[in-house]
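Here is the structure we will look at, set down as structure tokens.
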Amino acid sequence: MVNSVEFKAKIKQVMIEIPPEYQKNIQAGIDVKVIIVSEETPQPRLMDQLAENPIIVQGWVKPTRDEIHDRK
């Protein structure tokens, strides 16, 4: 028998809390199917932002390949 419920929840520390009114219908150890539909646009990662909009530092000179791999 398939039993489905729908509810809104906040993700906290990568966990989704099932509201108490639905917990009684769920047994420990059973397999469930979870579909996540985000209602917010995720923030871009800092590295992605920097790749698209690099910070310009006056006087900075791009190191050569040899300087990058130099092991002193």
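Identifiers in this document derive from the order of the structure tokens: chains are assigned A, B, ..., residues are numbered from 1 separately in each chain, and ligands are numbered from 1 in order of occurrence.
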
Secondary structure check, alpha helix (DSSP H) residues of chain A, as a PyMOL selection string: chain A and resi 20-23+46-52+65-69

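Of the residues in chain A, those given strand (DSSP E) by DSSP on the backbone are Ile11, Lys12, Met15 and Ile16 of chain A.
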
Might you pull out every residue within 10 Å of Asn3 of chain A, with only C-alpha atoms counted and same-chain residues fewer than 5 positions away left off, and present them as a PDB file with N, CA, C and O atoms, in the first residue's frame?
```pdb
ATOM      1  N   ASN A  25       2.534   7.404  11.021  1.00  0.00           N
ATOM      2  CA  ASN A  25       2.337   6.554   9.845  1.00  0.00           C
ATOM      3  C   ASN A  25       3.651   5.991   9.301  1.00  0.00           C
ATOM      4  O   ASN A  25       3.646   5.310   8.280  1.00  0.00           O
ATOM      5  N   ILE A  26       4.760   6.287   9.960  1.00  0.00           N
ATOM      6  CA  ILE A  26       6.063   5.850   9.463  1.00  0.00           C
ATOM      7  C   ILE A  26       6.702   4.912  10.476  1.00  0.00           C
ATOM      8  O   ILE A  26       6.763   5.208  11.665  1.00  0.00           O
ATOM      9  N   VAL A  32      11.529   4.889   2.094  1.00  0.00           N
ATOM     10  CA  VAL A  32      10.612   5.941   1.676  1.00  0.00           C
ATOM     11  C   VAL A  32      11.198   6.639   0.454  1.00  0.00           C
ATOM     12  O   VAL A  32      12.400   6.596   0.216  1.00  0.00           O
TER      13      VAL A  32
END
```
